[in-house]
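work-v9.pdb follows; it contains PDB, C-alpha atoms, pLDDT in the B column.
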```pdb
MODEL        1
ATOM      1  CA  MET P   1      94.505  57.981  69.619  1.00 57.00           C
ATOM      2  CA  ALA P   2      93.585  61.561  70.474  1.00 78.00           C
ATOM      3  CA  GLU P   3      91.656  62.125  73.658  1.00 90.00           C
ATOM      4  CA  ARG P   4      88.022  62.988  73.007  1.00 93.00           C
ATOM      5  CA  ARG P   5      85.682  63.980  75.848  1.00 96.00           C
ATOM      6  CA  LEU P   6      81.942  64.223  75.305  1.00 98.00           C
ATOM      7  CA  VAL P   7      78.792  64.647  77.333  1.00 98.00           C
ATOM      8  CA  LEU P   8      75.592  62.728  76.586  1.00 98.00           C
ATOM      9  CA  ARG P   9      72.315  63.960  78.072  1.00 98.00           C
ATOM     10  CA  THR P  10      69.372  61.590  77.712  1.00 98.00           C
ATOM     11  CA  ASP P  11      65.719  61.529  78.654  1.00 98.00           C
ATOM     12  CA  GLY P  12      62.787  59.253  78.040  1.00 98.00           C
ATOM     13  CA  ALA P  13      59.172  60.259  78.465  1.00 97.00           C
ATOM     14  CA  ALA P  14      55.982  58.214  78.619  1.00 97.00           C
ATOM     15  CA  ARG P  15      52.510  59.682  78.910  1.00 96.00           C
ATOM     16  CA  GLY P  16      50.895  57.021  80.984  1.00 92.00           C
ATOM     17  CA  ASN P  17      52.923  54.134  82.269  1.00 90.00           C
ATOM     18  CA  PRO P  18      52.902  52.498  79.807  1.00 96.00           C
ATOM     19  CA  GLY P  19      51.753  54.946  77.191  1.00 97.00           C
ATOM     20  CA  PRO P  20      52.922  56.906  74.160  1.00 98.00           C
ATOM     21  CA  ALA P  21      56.651  57.415  74.657  1.00 98.00           C
ATOM     22  CA  GLY P  22      59.568  59.328  73.231  1.00 98.00           C
ATOM     23  CA  ALA P  23      63.324  59.425  73.634  1.00 98.00           C
ATOM     24  CA  GLY P  24      65.608  62.438  73.395  1.00 98.00           C
ATOM     25  CA  PHE P  25      69.369  62.875  73.536  1.00 98.00           C
ATOM     26  CA  VAL P  26      71.886  65.689  73.307  1.00 98.00           C
ATOM     27  CA  ILE P  27      75.603  65.196  72.632  1.00 98.00           C
ATOM     28  CA  GLU P  28      77.833  68.024  73.822  1.00 98.00           C
ATOM     29  CA  ALA P  29      81.511  68.833  73.509  1.00 96.00           C
ATOM     30  CA  ASP P  30      83.473  69.370  76.705  1.00 88.00           C
ATOM     31  CA  ASP P  31      82.768  73.118  76.448  1.00 92.00           C
ATOM     32  CA  GLY P  32      78.988  72.568  76.441  1.00 92.00           C
ATOM     33  CA  SER P  33      78.422  73.234  72.756  1.00 97.00           C
ATOM     34  CA  VAL P  34      75.884  70.916  71.136  1.00 97.00           C
ATOM     35  CA  ILE P  35      77.401  68.527  68.597  1.00 96.00           C
ATOM     36  CA  ASP P  36      74.309  66.457  67.860  1.00 97.00           C
ATOM     37  CA  SER P  37      70.833  65.840  69.176  1.00 98.00           C
ATOM     38  CA  GLY P  38      67.858  63.762  68.259  1.00 98.00           C
ATOM     39  CA  TRP P  39      64.552  62.301  69.237  1.00 98.00           C
ATOM     40  CA  VAL P  40      62.475  59.281  68.331  1.00 98.00           C
ATOM     41  CA  TYR P  41      58.896  58.261  68.931  1.00 98.00           C
ATOM     42  CA  LEU P  42      58.899  54.857  70.636  1.00 98.00           C
ATOM     43  CA  GLY P  43      55.260  53.800  70.588  1.00 97.00           C
ATOM     44  CA  LYS P  44      53.800  52.371  73.785  1.00 97.00           C
ATOM     45  CA  ARG P  45      56.473  52.037  76.490  1.00 97.00           C
ATOM     46  CA  THR P  46      56.946  52.463  80.209  1.00 97.00           C
ATOM     47  CA  ASN P  47      58.913  55.443  81.416  1.00 97.00           C
ATOM     48  CA  ASN P  48      61.860  53.212  82.398  1.00 98.00           C
ATOM     49  CA  GLN P  49      61.906  51.585  78.962  1.00 98.00           C
ATOM     50  CA  ALA P  50      61.900  55.030  77.353  1.00 98.00           C
ATOM     51  CA  GLU P  51      64.794  56.160  79.568  1.00 98.00           C
ATOM     52  CA  TYR P  52      66.932  53.224  78.436  1.00 98.00           C
ATOM     53  CA  GLU P  53      65.957  53.672  74.804  1.00 98.00           C
ATOM     54  CA  ALA P  54      66.976  57.332  74.978  1.00 98.00           C
ATOM     55  CA  LEU P  55      70.379  56.270  76.300  1.00 98.00           C
ATOM     56  CA  ILE P  56      70.778  53.664  73.566  1.00 98.00           C
ATOM     57  CA  CYS P  57      69.786  56.163  70.850  1.00 98.00           C
ATOM     58  CA  GLY P  58      72.384  58.615  72.116  1.00 98.00           C
ATOM     59  CA  LEU P  59      75.088  55.958  72.356  1.00 98.00           C
ATOM     60  CA  GLU P  60      74.301  54.690  68.866  1.00 98.00           C
ATOM     61  CA  ALA P  61      74.582  58.265  67.558  1.00 97.00           C
ATOM     62  CA  LEU P  62      78.149  58.295  68.916  1.00 97.00           C
ATOM     63  CA  GLU P  63      79.102  55.186  66.962  1.00 94.00           C
ATOM     64  CA  PRO P  64      81.361  54.372  65.199  1.00 89.00           C
ATOM     65  CA  ASP P  65      83.593  57.168  66.546  1.00 91.00           C
ATOM     66  CA  LEU P  66      83.184  56.640  70.291  1.00 94.00           C
ATOM     67  CA  PRO P  67      84.846  59.159  72.613  1.00 96.00           C
ATOM     68  CA  THR P  68      87.672  58.251  74.976  1.00 96.00           C
ATOM     69  CA  HIS P  69      85.777  59.846  77.886  1.00 97.00           C
ATOM     70  CA  LEU P  70      82.006  60.116  78.224  1.00 98.00           C
ATOM     71  CA  THR P  71      79.850  61.653  80.921  1.00 98.00           C
ATOM     72  CA  VAL P  72      76.203  60.632  80.763  1.00 98.00           C
ATOM     73  CA  TYR P  73      73.561  62.738  82.493  1.00 98.00           C
ATOM     74  CA  SER P  74      70.041  61.426  83.066  1.00 98.00           C
ATOM     75  CA  ASP P  75      67.159  62.320  85.334  1.00 97.00           C
ATOM     76  CA  SER P  76      66.320  58.608  85.724  1.00 98.00           C
ATOM     77  CA  GLU P  77      67.644  57.696  89.150  1.00 97.00           C
ATOM     78  CA  LEU P  78      66.786  54.038  88.552  1.00 98.00           C
ATOM     79  CA  MET P  79      68.735  53.801  85.307  1.00 98.00           C
ATOM     80  CA  VAL P  80      71.727  55.705  86.709  1.00 98.00           C
ATOM     81  CA  ARG P  81      71.888  53.470  89.786  1.00 98.00           C
ATOM     82  CA  GLN P  82      71.569  50.342  87.646  1.00 98.00           C
ATOM     83  CA  LEU P  83      74.339  51.453  85.287  1.00 98.00           C
ATOM     84  CA  ASN P  84      76.568  52.301  88.245  1.00 98.00           C
ATOM     85  CA  GLY P  85      75.991  48.862  89.775  1.00 97.00           C
ATOM     86  CA  GLU P  86      74.087  50.152  92.806  1.00 98.00           C
ATOM     87  CA  TYR P  87      70.811  48.425  91.831  1.00 97.00           C
ATOM     88  CA  ARG P  88      70.305  45.099  90.119  1.00 97.00           C
ATOM     89  CA  VAL P  89      68.275  45.017  86.914  1.00 97.00           C
ATOM     90  CA  LYS P  90      65.418  42.654  87.748  1.00 95.00           C
ATOM     91  CA  ASP P  91      62.939  43.403  84.968  1.00 95.00           C
ATOM     92  CA  PRO P  92      63.712  41.124  81.977  1.00 95.00           C
ATOM     93  CA  ASP P  93      62.678  43.774  79.456  1.00 92.00           C
ATOM     94  CA  LEU P  94      64.900  46.422  81.043  1.00 97.00           C
ATOM     95  CA  LYS P  95      67.722  43.892  81.304  1.00 97.00           C
ATOM     96  CA  ASP P  96      67.847  43.577  77.496  1.00 97.00           C
ATOM     97  CA  ARG P  97      68.145  47.350  77.189  1.00 97.00           C
ATOM     98  CA  PHE P  98      70.689  47.486  80.026  1.00 98.00           C
ATOM     99  CA  ILE P  99      72.840  44.893  78.249  1.00 98.00           C
ATOM    100  CA  ARG P 100      72.698  46.782  74.929  1.00 97.00           C
ATOM    101  CA  ALA P 101      73.694  50.065  76.585  1.00 98.00           C
ATOM    102  CA  SER P 102      76.427  48.370  78.626  1.00 98.00           C
ATOM    103  CA  GLN P 103      77.924  46.757  75.524  1.00 97.00           C
ATOM    104  CA  ILE P 104      78.493  50.186  73.999  1.00 97.00           C
ATOM    105  CA  LEU P 105      79.634  51.819  77.258  1.00 97.00           C
ATOM    106  CA  LEU P 106      82.260  49.104  77.766  1.00 97.00           C
ATOM    107  CA  ARG P 107      83.907  50.148  74.484  1.00 96.00           C
ATOM    108  CA  ILE P 108      84.562  53.657  75.833  1.00 96.00           C
ATOM    109  CA  GLY P 109      87.733  54.236  77.841  1.00 90.00           C
ATOM    110  CA  SER P 110      86.228  56.173  80.725  1.00 97.00           C
ATOM    111  CA  VAL P 111      82.513  56.532  81.511  1.00 98.00           C
ATOM    112  CA  SER P 112      80.749  58.435  84.263  1.00 98.00           C
ATOM    113  CA  VAL P 113      76.966  58.150  84.630  1.00 98.00           C
ATOM    114  CA  LYS P 114      75.369  60.843  86.774  1.00 98.00           C
ATOM    115  CA  HIS P 115      71.881  61.658  87.981  1.00 98.00           C
ATOM    116  CA  VAL P 116      70.615  65.198  87.413  1.00 98.00           C
ATOM    117  CA  SER P 117      67.303  66.883  88.029  1.00 96.00           C
ATOM    118  CA  ARG P 118      64.863  67.307  85.165  1.00 91.00           C
ATOM    119  CA  SER P 119      65.578  71.051  85.159  1.00 93.00           C
ATOM    120  CA  ASP P 120      69.280  70.302  84.569  1.00 94.00           C
ATOM    121  CA  ASN P 121      68.368  68.061  81.646  1.00 95.00           C
ATOM    122  CA  GLU P 122      65.857  70.330  79.959  1.00 96.00           C
ATOM    123  CA  HIS P 123      67.041  70.042  76.344  1.00 97.00           C
ATOM    124  CA  ALA P 124      66.871  66.223  76.334  1.00 98.00           C
ATOM    125  CA  ASP P 125      63.514  66.359  78.143  1.00 97.00           C
ATOM    126  CA  ASP P 126      62.133  68.759  75.523  1.00 98.00           C
ATOM    127  CA  LEU P 127      63.270  66.436  72.718  1.00 98.00           C
ATOM    128  CA  ALA P 128      61.666  63.372  74.330  1.00 98.00           C
ATOM    129  CA  ASN P 129      58.375  65.231  74.620  1.00 97.00           C
ATOM    130  CA  GLN P 130      58.719  66.622  71.089  1.00 97.00           C
ATOM    131  CA  ALA P 131      58.906  63.033  69.813  1.00 97.00           C
ATOM    132  CA  ILE P 132      55.503  62.326  71.342  1.00 97.00           C
ATOM    133  CA  ASP P 133      53.986  65.661  70.306  1.00 97.00           C
ATOM    134  CA  GLU P 134      55.162  65.336  66.676  1.00 94.00           C
ATOM    135  CA  HIS P 135      53.686  61.859  66.421  1.00 92.00           C
ATOM    136  CA  PHE P 136      50.236  63.092  67.417  1.00 85.00           C
ATOM    137  CA  SER P 137      50.188  66.406  65.541  1.00 75.00           C
TER     138      SER P 137
ENDMDL
END
```

Kindly transcribe the structure held in the file into structure tokens.
Amino acid sequence: MAERRLVLRTDGAARGNPGPAGAGFVIEADDGSVIDSGWVYLGKRTNNQAEYEALICGLEALEPDLPTHLTVYSDSELMVRQLNGEYRVKDPDLKDRFIRASQILLRIGSVSVKHVSRSDNEHADDLANQAIDEHFS
């Protein structure tokens, strides 16, 4: 199997906590070029729920042709620390989302999940907010 390295940038947004929420993701090649992107309006969610749903949307967009190496960037410190095993997932609702994301991540040869600032994740952030804006326009 040929080596395939991709980057997944994800962001969830909720206006109010909980409130109207959106998810955005950007899939990039190793050279930074955008391969795919998307957004979805989620309805009423917490910010943490939206962050996980953005990750799941991005991972599902990679299926069925998962990369051999994936780097995930998110501005959700909680989600990143949970995925890296630094924090336990206590909330039952987040646990379901954590399990779904983990099931996909486990099928990828090498995964790195990293925290970035919102300014370093601007495209995904814009898409998450666009999902909310489009729903109400």

Residues at most 7 Å from stretch 60-76 of chain P, counting all atoms listed in the file, excluding those fewer than 2 positions away in the same chain, as an NGL selection string?
-> :P and (3-11 or 51 or 56-58 or 78-80 or 108-118 or 121)

Would you mind listing what lies within 6 Å of P:Gly12 as JSON, numbers by chain, with only C-alpha atoms counted and same-chain residues fewer than 5 positions away left out?
-> {"P": [22, 23, 50, 51, 54, 128]}

Hey, can you check how far atom CA of P:Leu127 sits from atom CA of P:Gly43?
->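 It comes out at 15.1 Å.
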
Between P:Glu86, P:Glu28, P:Glu53, P:Asp91, which has the minimum distance to P:Ala13 (counting only C-alpha atoms)?
->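 The answer is P:Glu53, which sits nearest to P:Ala13.
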
Could you jot down the atom CA of P:Gln130 to atom CA of P:Gly38 separation for me, Å, one decimal place?
->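 Distance reported for this atom pair: 10.0 Å.
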
Cut-off 8 Å around (57.8, 58.8, 83.0) with all atoms listed in the file: residues as an NGL selection string | :P and (12-17 or 46-48 or 50)

Straight-line distance linking atom CA of P:Leu106 with atom CA of P:Leu59, stated in Å to one decimal |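 Value for the atom CA of P:Leu106-atom CA of P:Leu59 distance: 11.3 Å.
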
Shortest interatomic distance to P:Leu83 - which of P:Asp36, P:Asp96, P:Ile27, P:Ala101, counting only C-alpha atoms =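 Among the listed residues, P:Ala101 lies closest to P:Leu83.
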
The centre and edge lengths of an axis-aligned box containing all atoms of stretch 54-62 of chain P present in the file, extended by 6 Å on each side, are to be given in Å to one decimal, as JSON.
```
{"center_x": 72.6, "center_y": 56.1, "center_z": 71.9, "size_x": 23.2, "size_y": 17.0, "size_z": 20.7}
```

Excluding P:Arg97 and residues on its chain fewer than 2 positions from it, collect all residues at most 8 Å away from it, counting only C-alpha atoms, and give them as number ranges by chain.
-> P: 49, 52-53, 56, 93-95, 99-101

Measuring atom to atom with all atoms listed in the file, identify which of P:Glu122, P:Lys44, P:Arg107, P:Gly85 is nearest to P:Val26.
->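 Of the candidates, the smallest distance to P:Val26 is held by P:Glu122.
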
Pick from P:Leu105, P:Ile35, P:Pro20, P:Ala29 nearest to P:Asp133, counting only C-alpha atoms =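 Closest candidate: P:Pro20.
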
Just say which residues the PyMOL selection byres ((chain P and resi 41) around 7) picks in this file, as JSON, numbers by chain.
-> {"P": [21, 22, 23, 39, 40, 42, 43, 131, 132, 135]}

Option closest in space to P:Ile104, from P:Leu55, P:Ser137, P:Ser37, P:Phe25 [counting all atoms listed in the file] |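 Result for the nearest residue to P:Ile104: P:Leu55.
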